[in-house]
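**Student:** There's a structure below that I have some questions on.
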Amino acid sequence: MSNILRVENLSVALDGETILKNVNFEIEKGENLAVIGPNGSGKTVLLKTLLGIFPHEGKIIRAERTKLGYVPQKIDADRHLPIDLENLINAKAAVLGLKKSDVKEATDAVKITDKVLKTPIGHLSGGQFQRALIAFAVLGKPDIILLDEPTASIDQLGEEQIYELIHELQEKYGITIILVSHDLSIVYKYATKVLCLNKTGVCFGPPEIALTPEIFKKLYGQEHKYVHHLHHDH
Amino acid sequence: MTIDVYSVILALLAAATAGLVGAFALMKKTVLAGDVMSHIAIPGLGLAVIWNLNPIVGGALTLFLGAFMISRLEKKTALSSEAAVGVIFASSVALGALLINSKEELIDALFGGFKNIPPGEFAFGVAASAVIFATLWAMRNKLIIGLFSEDLAASTGIKTGTINFTFLILFSLAILVGLRFLGALLAGALIIVPASAARQLTHSLGMFLGCSVLLAIASMVAGLIISSVYGLDLGPTAIVVASIIFALSLLKTKK
């Protein structure tokens, strides 16, 4: 199978500071790539660079006509913004020239109720807000969805529901997922490949092989409790 | 005071554009920066007096120069737009006060006046208003996504830099249309105050935009009537009316 995305020697410098250096990875269609690394390791910058928000050196090679969707880590949405999800979704549909049926398919796929659609964005709960962002990302049927810690601001139950939802969408539409996550149990459960990032790529491969205690030491500067636990389970 | 129908039409158009641009500026959190922008017109008004030009031509000259400089300063330095606008604003007011050496003309430049306007200026005002309405309508979807999140806008293929710059130009145009009536100090007020009141009173996007435009027009109509009956200046009267509407809007408790 051919790669849907290949990244070669990707380097990004912002305001003269090197954020990413010589990052390499590749994924095939329908794969789930987890990106892990300590704070400030460039995970968010990597996603934004893939989206074309930051200038870069090196190559980002996407399969032809690949569309991207994005679920950002956090949005400082003004609580008083008089905008609801319906406004946002319709705006995106208009910008991309989509039909009403596409909008309905996206909101149905993410199980968004009419009530949530018409609630001002700032009044949504953490879980509803994440769902809203995923619906926005899914609209237009992207081939790859980039998610930046999609559950950072919600409780554990909501978190599981969000990951289940992402998994469902992936199964249903064959979407390729690139997911930044702190939660290693999620990485082991869903990821087909993992990229360890600390400005540069520290590891890359299937999680069972790539995530060794040595890698964790290199990545976080200490042995990670979690990896022992999981490796004992294996 | 004789009331010229063309001036009245232009004053109402100025109010409508200010209300609409103000609603978007409020959501973009750029109202105050925008208000201060209007002060950049002051040296232009001064130059217009010296060179015997139409004041709107002079105002336009420095306003667009200011808009350009602000966007350059933001890009080329680590300054926030607040600081960039602040520096240009302060120097504009000082320069303007030096250029305009008649006290009476300075007051007119700052607070505006309701004078009969030449046909060329009327035509400009109508054209500028049409450009503001048409452009905002055309880019409304991109603006909405961008003011929610610039990253999401970028991921949708929207060039947020272009959208923001276009909005700055529309903002400057809205100030120019209102400049004759409200003066450099108050032109921004009709952009801020009705939009703020409308925000208090409405919950949905459509209602907010409509309400902001209506309140701005209502302030201007009341300002025209009250100022002509009591022989007051139009600009300050209209803004006081708008402020009273805002104060009343506070009575409505938001959930």
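We label chains A, B, ... in the order they appear in the structure tokens, count residues from 1 in each chain, and number ligands from 1 in the order shown.
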Write out, as a Markdown table, each residue of chain A that has an atom at most 10 Å from chain B, together with the closest pair of atoms and their distance in Å to one decimal, counting only C-alpha atoms, rows going by chain and rising number.

**Tutor:**
| residue | atom | partner | partner_atom | distance |
| --- | --- | --- | --- | --- |
| A:Asp15 | CA | B:Ala78 | CA | 9.6 |
| A:Lys48 | CA | B:Asp151 | CA | 7.9 |
| A:Leu50 | CA | B:Ser155 | CA | 9.6 |
| A:Leu51 | CA | B:Ser155 | CA | 5.9 |
| A:Gly52 | CA | B:Ala154 | CA | 7.8 |
| A:Ile53 | CA | B:Ala154 | CA | 6.6 |
| A:Lys67 | CA | B:Thr156 | CA | 9.5 |
| A:Leu68 | CA | B:Ser155 | CA | 7.2 |
| A:Gly69 | CA | B:Ser155 | CA | 6.7 |
| A:Tyr70 | CA | B:Ser155 | CA | 6.4 |
| A:Val71 | CA | B:Leu152 | CA | 7.8 |
| A:Pro72 | CA | B:Leu152 | CA | 7.5 |
| A:Lys74 | CA | B:Ser149 | CA | 9.7 |
| A:Ile75 | CA | B:Ser149 | CA | 6.6 |
| A:Asp76 | CA | B:Ser149 | CA | 7.9 |
| A:Ala77 | CA | B:Phe148 | CA | 6.1 |
| A:Asp78 | CA | B:Phe148 | CA | 8.0 |
| A:His80 | CA | B:Arg199 | CA | 8.5 |
| A:Leu81 | CA | B:Met27 | CA | 6.3 |
| A:Pro82 | CA | B:Leu205 | CA | 5.2 |
| A:Ile83 | CA | B:Leu205 | CA | 5.6 |
| A:Asp84 | CA | B:Ser204 | CA | 7.6 |
| A:Asn87 | CA | B:Ile144 | CA | 7.8 |
| A:Leu88 | CA | B:Ile145 | CA | 6.1 |
| A:Ile89 | CA | B:Ile145 | CA | 8.8 |
| A:Asn90 | CA | B:Asn141 | CA | 8.0 |
| A:Ala91 | CA | B:Asn141 | CA | 4.5 |
| A:Lys92 | CA | B:Asn141 | CA | 7.0 |
| A:Ala93 | CA | B:Asn141 | CA | 9.0 |
| A:Ala94 | CA | B:Asn141 | CA | 7.0 |
| A:Val95 | CA | B:Asn141 | CA | 6.7 |
| A:Leu96 | CA | B:Thr156 | CA | 7.9 |
| A:Lys118 | CA | B:Ser204 | CA | 8.7 |
| A:Thr119 | CA | B:Ser204 | CA | 8.9 |
| A:Pro120 | CA | B:Ser204 | CA | 7.5 |
| A:Ile121 | CA | B:Phe148 | CA | 9.1 |
| A:Leu133 | CA | B:Leu152 | CA | 9.2 |
| A:Phe136 | CA | B:Leu152 | CA | 8.9 |
| A:Ala137 | CA | B:Leu152 | CA | 8.6 |
| A:Gly140 | CA | B:Thr156 | CA | 9.6 |
| A:Leu146 | CA | B:Ser155 | CA | 10.0 |

**Student:** Which residues are near A:Glu149? Cut-off 8 Å, only C-alpha atoms, ignore same chain within fewer than 4 positions. Put them as a VMD selection string.

**Tutor:** chain A and resid 72 to 73 179 to 182

**Student:** Within 12 Å of stretch 162-171 of chain A, counting only C-alpha atoms, which residues show up once you throw out same-chain ones fewer than 4 positions away? Write them as a ChimeraX atom specification, please.

**Tutor:** /A:29-32,71,105-112,126-135,137-139,141-147,149-158,175-179,181,183,185-187,189-191

**Student:** Could you give me the residues within stretch 1-93 of chain A that DSSP places in strand (DSSP E), as a PDB file with N, CA, C and O atoms, in the first residue's frame?

**Tutor:**
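File produced: result25.pdb:
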ATOM      1  N   ASN A   3       1.921   5.246   0.647  1.00  0.00           N
ATOM      2  CA  ASN A   3       1.778   6.168   1.760  1.00  0.00           C
ATOM      3  C   ASN A   3       0.788   7.281   1.422  1.00  0.00           C
ATOM      4  O   ASN A   3       0.806   7.804   0.319  1.00  0.00           O
ATOM      5  N   ILE A   4      -0.026   7.636   2.402  1.00  0.00           N
ATOM      6  CA  ILE A   4      -0.914   8.780   2.194  1.00  0.00           C
ATOM      7  C   ILE A   4      -0.169  10.062   2.583  1.00  0.00           C
ATOM      8  O   ILE A   4      -0.437  11.141   2.073  1.00  0.00           O
ATOM      9  N   LEU A   5       0.809   9.896   3.462  1.00  0.00           N
ATOM     10  CA  LEU A   5       1.602  11.040   3.901  1.00  0.00           C
ATOM     11  C   LEU A   5       3.024  10.592   4.227  1.00  0.00           C
ATOM     12  O   LEU A   5       3.220   9.592   4.927  1.00  0.00           O
ATOM     13  N   ARG A   6       3.979  11.306   3.675  1.00  0.00           N
ATOM     14  CA  ARG A   6       5.368  11.010   4.018  1.00  0.00           C
ATOM     15  C   ARG A   6       6.069  12.318   4.360  1.00  0.00           C
ATOM     16  O   ARG A   6       5.951  13.306   3.632  1.00  0.00           O
ATOM     17  N   VAL A   7       6.776  12.307   5.478  1.00  0.00           N
ATOM     18  CA  VAL A   7       7.480  13.505   5.930  1.00  0.00           C
ATOM     19  C   VAL A   7       8.970  13.194   5.950  1.00  0.00           C
ATOM     20  O   VAL A   7       9.389  12.195   6.541  1.00  0.00           O
ATOM     21  N   GLU A   8       9.745  14.024   5.258  1.00  0.00           N
ATOM     22  CA  GLU A   8      11.193  13.783   5.171  1.00  0.00           C
ATOM     23  C   GLU A   8      11.969  14.988   5.658  1.00  0.00           C
ATOM     24  O   GLU A   8      11.780  16.096   5.155  1.00  0.00           O
ATOM     25  N   ASN A   9      12.824  14.750   6.637  1.00  0.00           N
ATOM     26  CA  ASN A   9      13.721  15.798   7.152  1.00  0.00           C
ATOM     27  C   ASN A   9      13.007  17.123   7.424  1.00  0.00           C
ATOM     28  O   ASN A   9      13.484  18.186   7.040  1.00  0.00           O
ATOM     29  N   LEU A  10      11.883  17.031   8.077  1.00  0.00           N
ATOM     30  CA  LEU A  10      11.086  18.228   8.332  1.00  0.00           C
ATOM     31  C   LEU A  10      11.714  19.047   9.468  1.00  0.00           C
ATOM     32  O   LEU A  10      11.948  18.535  10.553  1.00  0.00           O
ATOM     33  N   SER A  11      12.016  20.304   9.170  1.00  0.00           N
ATOM     34  CA  SER A  11      12.539  21.199  10.208  1.00  0.00           C
ATOM     35  C   SER A  11      11.714  22.473  10.206  1.00  0.00           C
ATOM     36  O   SER A  11      11.326  22.967   9.150  1.00  0.00           O
ATOM     37  N   VAL A  12      11.431  22.966  11.403  1.00  0.00           N
ATOM     38  CA  VAL A  12      10.660  24.199  11.527  1.00  0.00           C
ATOM     39  C   VAL A  12      11.362  25.107  12.528  1.00  0.00           C
ATOM     40  O   VAL A  12      11.738  24.672  13.616  1.00  0.00           O
ATOM     41  N   ALA A  13      11.568  26.352  12.140  1.00  0.00           N
ATOM     42  CA  ALA A  13      12.106  27.340  13.073  1.00  0.00           C
ATOM     43  C   ALA A  13      11.115  28.498  13.143  1.00  0.00           C
ATOM     44  O   ALA A  13      10.644  28.979  12.117  1.00  0.00           O
ATOM     45  N   LEU A  14      10.779  28.901  14.362  1.00  0.00           N
ATOM     46  CA  LEU A  14       9.868  30.029  14.540  1.00  0.00           C
ATOM     47  C   LEU A  14      10.586  31.120  15.318  1.00  0.00           C
ATOM     48  O   LEU A  14      11.163  30.844  16.369  1.00  0.00           O
ATOM     49  N   GLU A  17      14.010  30.305  16.502  1.00  0.00           N
ATOM     50  CA  GLU A  17      14.223  29.181  17.408  1.00  0.00           C
ATOM     51  C   GLU A  17      13.821  27.885  16.712  1.00  0.00           C
ATOM     52  O   GLU A  17      12.736  27.800  16.125  1.00  0.00           O
ATOM     53  N   THR A  18      14.708  26.877  16.797  1.00  0.00           N
ATOM     54  CA  THR A  18      14.400  25.599  16.155  1.00  0.00           C
ATOM     55  C   THR A  18      13.362  24.858  16.984  1.00  0.00           C
ATOM     56  O   THR A  18      13.570  24.594  18.165  1.00  0.00           O
ATOM     57  N   ILE A  19      12.240  24.535  16.374  1.00  0.00           N
ATOM     58  CA  ILE A  19      11.177  23.830  17.101  1.00  0.00           C
ATOM     59  C   ILE A  19      11.176  22.354  16.707  1.00  0.00           C
ATOM     60  O   ILE A  19      11.011  21.478  17.537  1.00  0.00           O
ATOM     61  N   LEU A  20      11.393  22.112  15.408  1.00  0.00           N
ATOM     62  CA  LEU A  20      11.461  20.732  14.925  1.00  0.00           C
ATOM     63  C   LEU A  20      12.719  20.587  14.077  1.00  0.00           C
ATOM     64  O   LEU A  20      13.078  21.509  13.339  1.00  0.00           O
ATOM     65  N   LYS A  21      13.380  19.428  14.226  1.00  0.00           N
ATOM     66  CA  LYS A  21      14.604  19.229  13.459  1.00  0.00           C
ATOM     67  C   LYS A  21      14.624  17.818  12.874  1.00  0.00           C
ATOM     68  O   LYS A  21      14.515  16.838  13.613  1.00  0.00           O
ATOM     69  N   ASN A  22      14.708  17.757  11.564  1.00  0.00           N
ATOM     70  CA  ASN A  22      14.848  16.478  10.855  1.00  0.00           C
ATOM     71  C   ASN A  22      13.860  15.406  11.304  1.00  0.00           C
ATOM     72  O   ASN A  22      14.266  14.314  11.712  1.00  0.00           O
ATOM     73  N   VAL A  23      12.609  15.721  11.266  1.00  0.00           N
ATOM     74  CA  VAL A  23      11.591  14.739  11.632  1.00  0.00           C
ATOM     75  C   VAL A  23      11.222  13.920  10.393  1.00  0.00           C
ATOM     76  O   VAL A  23      11.026  14.478   9.313  1.00  0.00           O
ATOM     77  N   ASN A  24      11.179  12.604  10.567  1.00  0.00           N
ATOM     78  CA  ASN A  24      10.825  11.701   9.463  1.00  0.00           C
ATOM     79  C   ASN A  24       9.732  10.741   9.912  1.00  0.00           C
ATOM     80  O   ASN A  24       9.819  10.177  11.000  1.00  0.00           O
ATOM     81  N   PHE A  25       8.708  10.568   9.105  1.00  0.00           N
ATOM     82  CA  PHE A  25       7.753   9.476   9.331  1.00  0.00           C
ATOM     83  C   PHE A  25       6.891   9.307   8.093  1.00  0.00           C
ATOM     84  O   PHE A  25       6.904  10.145   7.184  1.00  0.00           O
ATOM     85  N   GLU A  26       6.168   8.195   8.060  1.00  0.00           N
ATOM     86  CA  GLU A  26       5.255   7.974   6.938  1.00  0.00           C
ATOM     87  C   GLU A  26       4.078   7.150   7.432  1.00  0.00           C
ATOM     88  O   GLU A  26       4.212   6.340   8.346  1.00  0.00           O
ATOM     89  N   ILE A  27       2.913   7.412   6.857  1.00  0.00           N
ATOM     90  CA  ILE A  27       1.745   6.602   7.222  1.00  0.00           C
ATOM     91  C   ILE A  27       0.958   6.216   5.983  1.00  0.00           C
ATOM     92  O   ILE A  27       0.957   6.923   4.984  1.00  0.00           O
ATOM     93  N   GLU A  28       0.294   5.066   6.122  1.00  0.00           N
ATOM     94  CA  GLU A  28      -0.554   4.585   5.033  1.00  0.00           C
ATOM     95  C   GLU A  28      -1.996   4.942   5.319  1.00  0.00           C
ATOM     96  O   GLU A  28      -2.359   5.259   6.445  1.00  0.00           O
ATOM     97  N   ASN A  32      -3.443   4.821  12.121  1.00  0.00           N
ATOM     98  CA  ASN A  32      -3.629   5.717  13.245  1.00  0.00           C
ATOM     99  C   ASN A  32      -2.256   5.984  13.860  1.00  0.00           C
ATOM    100  O   ASN A  32      -1.671   5.131  14.510  1.00  0.00           O
ATOM    101  N   LEU A  33      -1.748   7.189  13.597  1.00  0.00           N
ATOM    102  CA  LEU A  33      -0.423   7.550  14.108  1.00  0.00           C
ATOM    103  C   LEU A  33      -0.577   8.368  15.381  1.00  0.00           C
ATOM    104  O   LEU A  33      -1.268   9.392  15.386  1.00  0.00           O
ATOM    105  N   ALA A  34       0.053   7.906  16.463  1.00  0.00           N
ATOM    106  CA  ALA A  34       0.049   8.684  17.701  1.00  0.00           C
ATOM    107  C   ALA A  34       1.361   9.458  17.785  1.00  0.00           C
ATOM    108  O   ALA A  34       2.421   8.925  17.479  1.00  0.00           O
ATOM    109  N   VAL A  35       1.262  10.718  18.168  1.00  0.00           N
ATOM    110  CA  VAL A  35       2.461  11.531  18.365  1.00  0.00           C
ATOM    111  C   VAL A  35       2.578  11.809  19.854  1.00  0.00           C
ATOM    112  O   VAL A  35       1.665  12.373  20.456  1.00  0.00           O
ATOM    113  N   ILE A  36       3.676  11.350  20.466  1.00  0.00           N
ATOM    114  CA  ILE A  36       3.854  11.602  21.895  1.00  0.00           C
ATOM    115  C   ILE A  36       5.174  12.337  22.119  1.00  0.00           C
ATOM    116  O   ILE A  36       6.049  12.357  21.250  1.00  0.00           O
ATOM    117  N   GLU A  57      11.230  23.551   6.385  1.00  0.00           N
ATOM    118  CA  GLU A  57      12.209  22.988   5.458  1.00  0.00           C
ATOM    119  C   GLU A  57      11.993  21.493   5.420  1.00  0.00           C
ATOM    120  O   GLU A  57      11.427  20.919   6.350  1.00  0.00           O
ATOM    121  N   GLY A  58      12.457  20.844   4.372  1.00  0.00           N
ATOM    122  CA  GLY A  58      12.223  19.408   4.227  1.00  0.00           C
ATOM    123  C   GLY A  58      10.963  19.176   3.420  1.00  0.00           C
ATOM    124  O   GLY A  58      10.405  20.108   2.852  1.00  0.00           O
ATOM    125  N   LYS A  59      10.558  17.902   3.356  1.00  0.00           N
ATOM    126  CA  LYS A  59       9.439  17.583   2.458  1.00  0.00           C
ATOM    127  C   LYS A  59       8.222  17.064   3.214  1.00  0.00           C
ATOM    128  O   LYS A  59       8.347  16.254   4.141  1.00  0.00           O
ATOM    129  N   ILE A  60       7.054  17.530   2.814  1.00  0.00           N
ATOM    130  CA  ILE A  60       5.793  16.945   3.276  1.00  0.00           C
ATOM    131  C   ILE A  60       5.087  16.466   2.010  1.00  0.00           C
ATOM    132  O   ILE A  60       4.633  17.269   1.201  1.00  0.00           O
ATOM    133  N   ILE A  61       5.070  15.147   1.819  1.00  0.00           N
ATOM    134  CA  ILE A  61       4.504  14.622   0.572  1.00  0.00           C
ATOM    135  C   ILE A  61       3.166  13.950   0.881  1.00  0.00           C
ATOM    136  O   ILE A  61       3.104  12.951   1.604  1.00  0.00           O
ATOM    137  N   ARG A  62       2.106  14.550   0.343  1.00  0.00           N
ATOM    138  CA  ARG A  62       0.778  13.971   0.549  1.00  0.00           C
ATOM    139  C   ARG A  62       0.331  13.276  -0.724  1.00  0.00           C
ATOM    140  O   ARG A  62       0.658  13.722  -1.825  1.00  0.00           O
ATOM    141  N   LEU A  68      -7.308  17.565   4.444  1.00  0.00           N
ATOM    142  CA  LEU A  68      -7.007  17.463   5.872  1.00  0.00           C
ATOM    143  C   LEU A  68      -8.137  18.053   6.710  1.00  0.00           C
ATOM    144  O   LEU A  68      -8.778  19.015   6.311  1.00  0.00           O
ATOM    145  N   GLY A  69      -8.356  17.440   7.869  1.00  0.00           N
ATOM    146  CA  GLY A  69      -9.255  18.021   8.870  1.00  0.00           C
ATOM    147  C   GLY A  69      -8.442  18.232  10.123  1.00  0.00           C
ATOM    148  O   GLY A  69      -7.409  17.579  10.318  1.00  0.00           O
ATOM    149  N   TYR A  70      -8.881  19.150  10.978  1.00  0.00           N
ATOM    150  CA  TYR A  70      -8.054  19.494  12.139  1.00  0.00           C
ATOM    151  C   TYR A  70      -8.934  19.701  13.368  1.00  0.00           C
ATOM    152  O   TYR A  70      -9.950  20.379  13.315  1.00  0.00           O
ATOM    153  N   VAL A  71      -8.523  19.072  14.464  1.00  0.00           N
ATOM    154  CA  VAL A  71      -9.185  19.299  15.751  1.00  0.00           C
ATOM    155  C   VAL A  71      -8.145  19.885  16.689  1.00  0.00           C
ATOM    156  O   VAL A  71      -7.268  19.167  17.170  1.00  0.00           O
TER     157      VAL A  71
END

**Student:** Skip B:Leu47 itself and residues of its chain fewer than 2 positions away, then list as a PDB file with N, CA, C and O atoms, in the first residue's frame all residues within 9 Å of it, counting only C-alpha atoms.

**Tutor:**
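Heads up, here's the output in out-v6.pdb:
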ATOM      1  N   ILE B  42      -6.842  62.396  12.069  1.00  0.00           N
ATOM      2  CA  ILE B  42      -6.697  63.805  12.477  1.00  0.00           C
ATOM      3  C   ILE B  42      -5.629  64.574  11.691  1.00  0.00           C
ATOM      4  O   ILE B  42      -5.924  65.642  11.159  1.00  0.00           O
ATOM      5  N   PRO B  43      -4.387  64.030  11.577  1.00  0.00           N
ATOM      6  CA  PRO B  43      -3.424  64.800  10.781  1.00  0.00           C
ATOM      7  C   PRO B  43      -3.881  64.975   9.334  1.00  0.00           C
ATOM      8  O   PRO B  43      -3.595  66.007   8.708  1.00  0.00           O
ATOM      9  N   GLY B  44      -4.620  64.007   8.822  1.00  0.00           N
ATOM     10  CA  GLY B  44      -5.144  64.112   7.458  1.00  0.00           C
ATOM     11  C   GLY B  44      -6.130  65.261   7.347  1.00  0.00           C
ATOM     12  O   GLY B  44      -6.127  66.014   6.356  1.00  0.00           O
ATOM     13  N   LEU B  45      -6.953  65.417   8.374  1.00  0.00           N
ATOM     14  CA  LEU B  45      -7.912  66.528   8.374  1.00  0.00           C
ATOM     15  C   LEU B  45      -7.148  67.852   8.412  1.00  0.00           C
ATOM     16  O   LEU B  45      -7.536  68.839   7.774  1.00  0.00           O
ATOM     17  N   VAL B  49      -7.071  70.946   5.589  1.00  0.00           N
ATOM     18  CA  VAL B  49      -7.282  72.373   5.843  1.00  0.00           C
ATOM     19  C   VAL B  49      -6.175  73.191   5.170  1.00  0.00           C
ATOM     20  O   VAL B  49      -6.426  74.163   4.457  1.00  0.00           O
ATOM     21  N   ILE B  50      -4.930  72.733   5.375  1.00  0.00           N
ATOM     22  CA  ILE B  50      -3.780  73.470   4.844  1.00  0.00           C
ATOM     23  C   ILE B  50      -3.784  73.479   3.312  1.00  0.00           C
ATOM     24  O   ILE B  50      -3.569  74.493   2.673  1.00  0.00           O
ATOM     25  N   TRP B  51      -4.057  72.314   2.710  1.00  0.00           N
ATOM     26  CA  TRP B  51      -4.013  72.198   1.244  1.00  0.00           C
ATOM     27  C   TRP B  51      -5.349  72.523   0.584  1.00  0.00           C
ATOM     28  O   TRP B  51      -5.500  72.362  -0.622  1.00  0.00           O
ATOM     29  N   ASN B  52      -6.321  72.882   1.430  1.00  0.00           N
ATOM     30  CA  ASN B  52      -7.638  73.217   0.918  1.00  0.00           C
ATOM     31  C   ASN B  52      -8.284  72.058   0.148  1.00  0.00           C
ATOM     32  O   ASN B  52      -8.836  72.213  -0.933  1.00  0.00           O
ATOM     33  N   LEU B  53      -8.210  70.898   0.759  1.00  0.00           N
ATOM     34  CA  LEU B  53      -8.817  69.699   0.157  1.00  0.00           C
ATOM     35  C   LEU B  53     -10.116  69.381   0.888  1.00  0.00           C
ATOM     36  O   LEU B  53     -10.375  69.910   1.969  1.00  0.00           O
ATOM     37  N   PRO B  55     -12.052  67.399   3.464  1.00  0.00           N
ATOM     38  CA  PRO B  55     -11.498  66.739   4.662  1.00  0.00           C
ATOM     39  C   PRO B  55     -11.459  65.209   4.549  1.00  0.00           C
ATOM     40  O   PRO B  55     -10.561  64.567   5.098  1.00  0.00           O
ATOM     41  N   GLY B  58      -8.259  64.095   2.888  1.00  0.00           N
ATOM     42  CA  GLY B  58      -7.135  64.141   3.816  1.00  0.00           C
ATOM     43  C   GLY B  58      -7.207  63.014   4.824  1.00  0.00           C
ATOM     44  O   GLY B  58      -6.211  62.343   5.111  1.00  0.00           O
ATOM     45  N   GLY B  59      -8.419  62.796   5.376  1.00  0.00           N
ATOM     46  CA  GLY B  59      -8.616  61.732   6.368  1.00  0.00           C
ATOM     47  C   GLY B  59      -8.259  60.373   5.782  1.00  0.00           C
ATOM     48  O   GLY B  59      -7.581  59.564   6.422  1.00  0.00           O
ATOM     49  N   GLY B  96      -1.676  66.000  14.349  1.00  0.00           N
ATOM     50  CA  GLY B  96      -2.913  66.639  13.910  1.00  0.00           C
ATOM     51  C   GLY B  96      -3.135  67.965  14.615  1.00  0.00           C
ATOM     52  O   GLY B  96      -3.479  68.985  13.996  1.00  0.00           O
ATOM     53  N   LEU B  99      -0.908  70.561  13.172  1.00  0.00           N
ATOM     54  CA  LEU B  99      -1.257  70.962  11.809  1.00  0.00           C
ATOM     55  C   LEU B  99      -2.484  71.865  11.771  1.00  0.00           C
ATOM     56  O   LEU B  99      -2.584  72.782  10.964  1.00  0.00           O
ATOM     57  N   ILE B 100      -3.446  71.573  12.639  1.00  0.00           N
ATOM     58  CA  ILE B 100      -4.682  72.365  12.639  1.00  0.00           C
ATOM     59  C   ILE B 100      -4.507  73.486  13.656  1.00  0.00           C
ATOM     60  O   ILE B 100      -4.588  73.261  14.863  1.00  0.00           O
TER      61      ILE B 100
END

**Student:** Nearest residue to B:Leu182 out of B:Ser129, B:Ser38, B:Thr160, B:Ser249, using only C-alpha atoms?

**Tutor:**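 Under the stated criterion, the closest residue is B:Ser38.
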
**Student:** With only C-alpha atoms counted and 9 Å as the cut-off, give the residues of stretch 2-40 of chain B in contact with stretch 79-95 of chain B, each with its shortest interatomic distance in Å and the pair that gives it, as CSV.

**Tutor:**
residue,atom,partner,partner_atom,distance
B:Leu32,CA,B:Glu82,CA,8.8
B:Ala33,CA,B:Val85,CA,6.4
B:Gly34,CA,B:Val85,CA,8.7
B:Val36,CA,B:Phe89,CA,6.3
B:Met37,CA,B:Phe89,CA,6.7
B:Ser38,CA,B:Phe89,CA,8.6
B:His39,CA,B:Phe89,CA,6.2
B:Ile40,CA,B:Ser92,CA,5.2

**Student:** Just to be explicit: take each residue in the selection above, keep N, CA and C atoms, and write the result as a compact mmCIF listing (two decimals), in the first residue's frame.

**Tutor:**
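The result, written out as out11.txt:
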# COMPACT_ATOMS: atom_id res chain seq x y z
N LEU B 32 -11.61 48.32 20.17
CA LEU B 32 -10.89 49.46 20.73
C LEU B 32 -9.76 49.89 19.80
N ALA B 33 -9.05 48.91 19.28
CA ALA B 33 -8.00 49.21 18.30
C ALA B 33 -8.61 49.99 17.15
N GLY B 34 -9.80 49.57 16.76
CA GLY B 34 -10.47 50.23 15.65
C GLY B 34 -10.89 51.64 15.99
N VAL B 36 -9.50 53.63 18.10
CA VAL B 36 -8.31 54.45 18.10
C VAL B 36 -7.85 54.77 16.68
N MET B 37 -8.10 53.79 15.77
CA MET B 37 -7.76 54.00 14.36
C MET B 37 -8.32 55.31 13.81
N SER B 38 -9.55 55.64 14.26
CA SER B 38 -10.19 56.82 13.68
C SER B 38 -9.38 58.08 13.97
N HIS B 39 -8.63 58.07 15.06
CA HIS B 39 -7.84 59.25 15.43
C HIS B 39 -6.71 59.50 14.45
N ILE B 40 -6.36 58.43 13.73
CA ILE B 40 -5.28 58.57 12.76
C ILE B 40 -5.69 59.51 11.62

**Student:** Taking the backbone alone, and naming residues the way the document does, which bits of stretch 30-199 of chain B are alpha helix (DSSP H) by DSSP, as a PyMOL selection string?

**Tutor:** chain B and resi 31-39+41-51+55-76+81-99+103-111+119-148+150-155+160-186+189-199

**Student:** Please indicate the distance in Å from atom CA of A:Val202 to atom CA of A:Phe216, rounded to one decimal place.

**Tutor:**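 Atom-to-atom, atom CA of A:Val202 and atom CA of A:Phe216 are spaced 9.3 Å apart.
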
**Student:** Quick one: residues within 12 Å of B:Ala130, only C-alpha atoms counted, chain neighbours fewer than 2 positions away excluded, as a PDB file with C-alpha atoms, in the first residue's frame?

**Tutor:**
ATOM      1  CA  LEU B  10     -25.193  59.696   4.090  1.00  0.00           C
ATOM      2  CA  LEU B  13     -25.534  54.988   5.663  1.00  0.00           C
ATOM      3  CA  ALA B  14     -22.647  55.875   7.969  1.00  0.00           C
ATOM      4  CA  ALA B  16     -25.607  51.329   9.137  1.00  0.00           C
ATOM      5  CA  THR B  17     -22.038  50.550   8.062  1.00  0.00           C
ATOM      6  CA  ALA B 123     -20.946  59.703  -4.157  1.00  0.00           C
ATOM      7  CA  PHE B 124     -17.866  58.487  -2.295  1.00  0.00           C
ATOM      8  CA  GLY B 125     -19.904  57.792   0.843  1.00  0.00           C
ATOM      9  CA  VAL B 126     -22.513  55.771  -1.032  1.00  0.00           C
ATOM     10  CA  ALA B 127     -19.865  53.826  -2.945  1.00  0.00           C
ATOM     11  CA  ALA B 128     -17.841  53.128   0.206  1.00  0.00           C
ATOM     12  CA  ILE B 132     -18.459  47.617   2.912  1.00  0.00           C
ATOM     13  CA  PHE B 133     -21.795  45.782   2.699  1.00  0.00           C
ATOM     14  CA  ALA B 134     -20.842  43.732  -0.374  1.00  0.00           C
ATOM     15  CA  THR B 135     -17.399  42.731   0.894  1.00  0.00           C
ATOM     16  CA  LEU B 136     -18.635  41.786   4.362  1.00  0.00           C
ATOM     17  CA  TRP B 137     -21.397  39.694   2.794  1.00  0.00           C
ATOM     18  CA  LEU B 170     -13.414  48.030   5.607  1.00  0.00           C
ATOM     19  CA  LEU B 173     -13.809  52.949   5.159  1.00  0.00           C
ATOM     20  CA  ALA B 174     -16.595  52.847   7.764  1.00  0.00           C
ATOM     21  CA  VAL B 177     -18.021  57.520   5.884  1.00  0.00           C
TER      22      VAL B 177
END

**Student:** Neighbouring residues of stretch 101-112 of chain B were defined as those with any atom within 7 Å, considering only C-alpha atoms; residues of the same chain fewer than 6 positions away were excluded. Please report them as a ChimeraX atom specification.

**Tutor:** /B:42,45,179-186,235-236

**Student:** With only C-alpha atoms as the counted atoms, please give the residues lying no more than 10 Å from A:Gly40, apart from itself and same-chain residues fewer than 2 positions off, as a ChimeraX atom specification.

**Tutor:** /A:19,37-38,42-45,197-199

**Student:** Could you state the separation of atom CA of B:Thr237 and atom CA of B:Ala216 in Å, given to one decimal place?

**Tutor:**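 We find that atom CA of B:Thr237 and atom CA of B:Ala216 lie 12.7 Å from each other.
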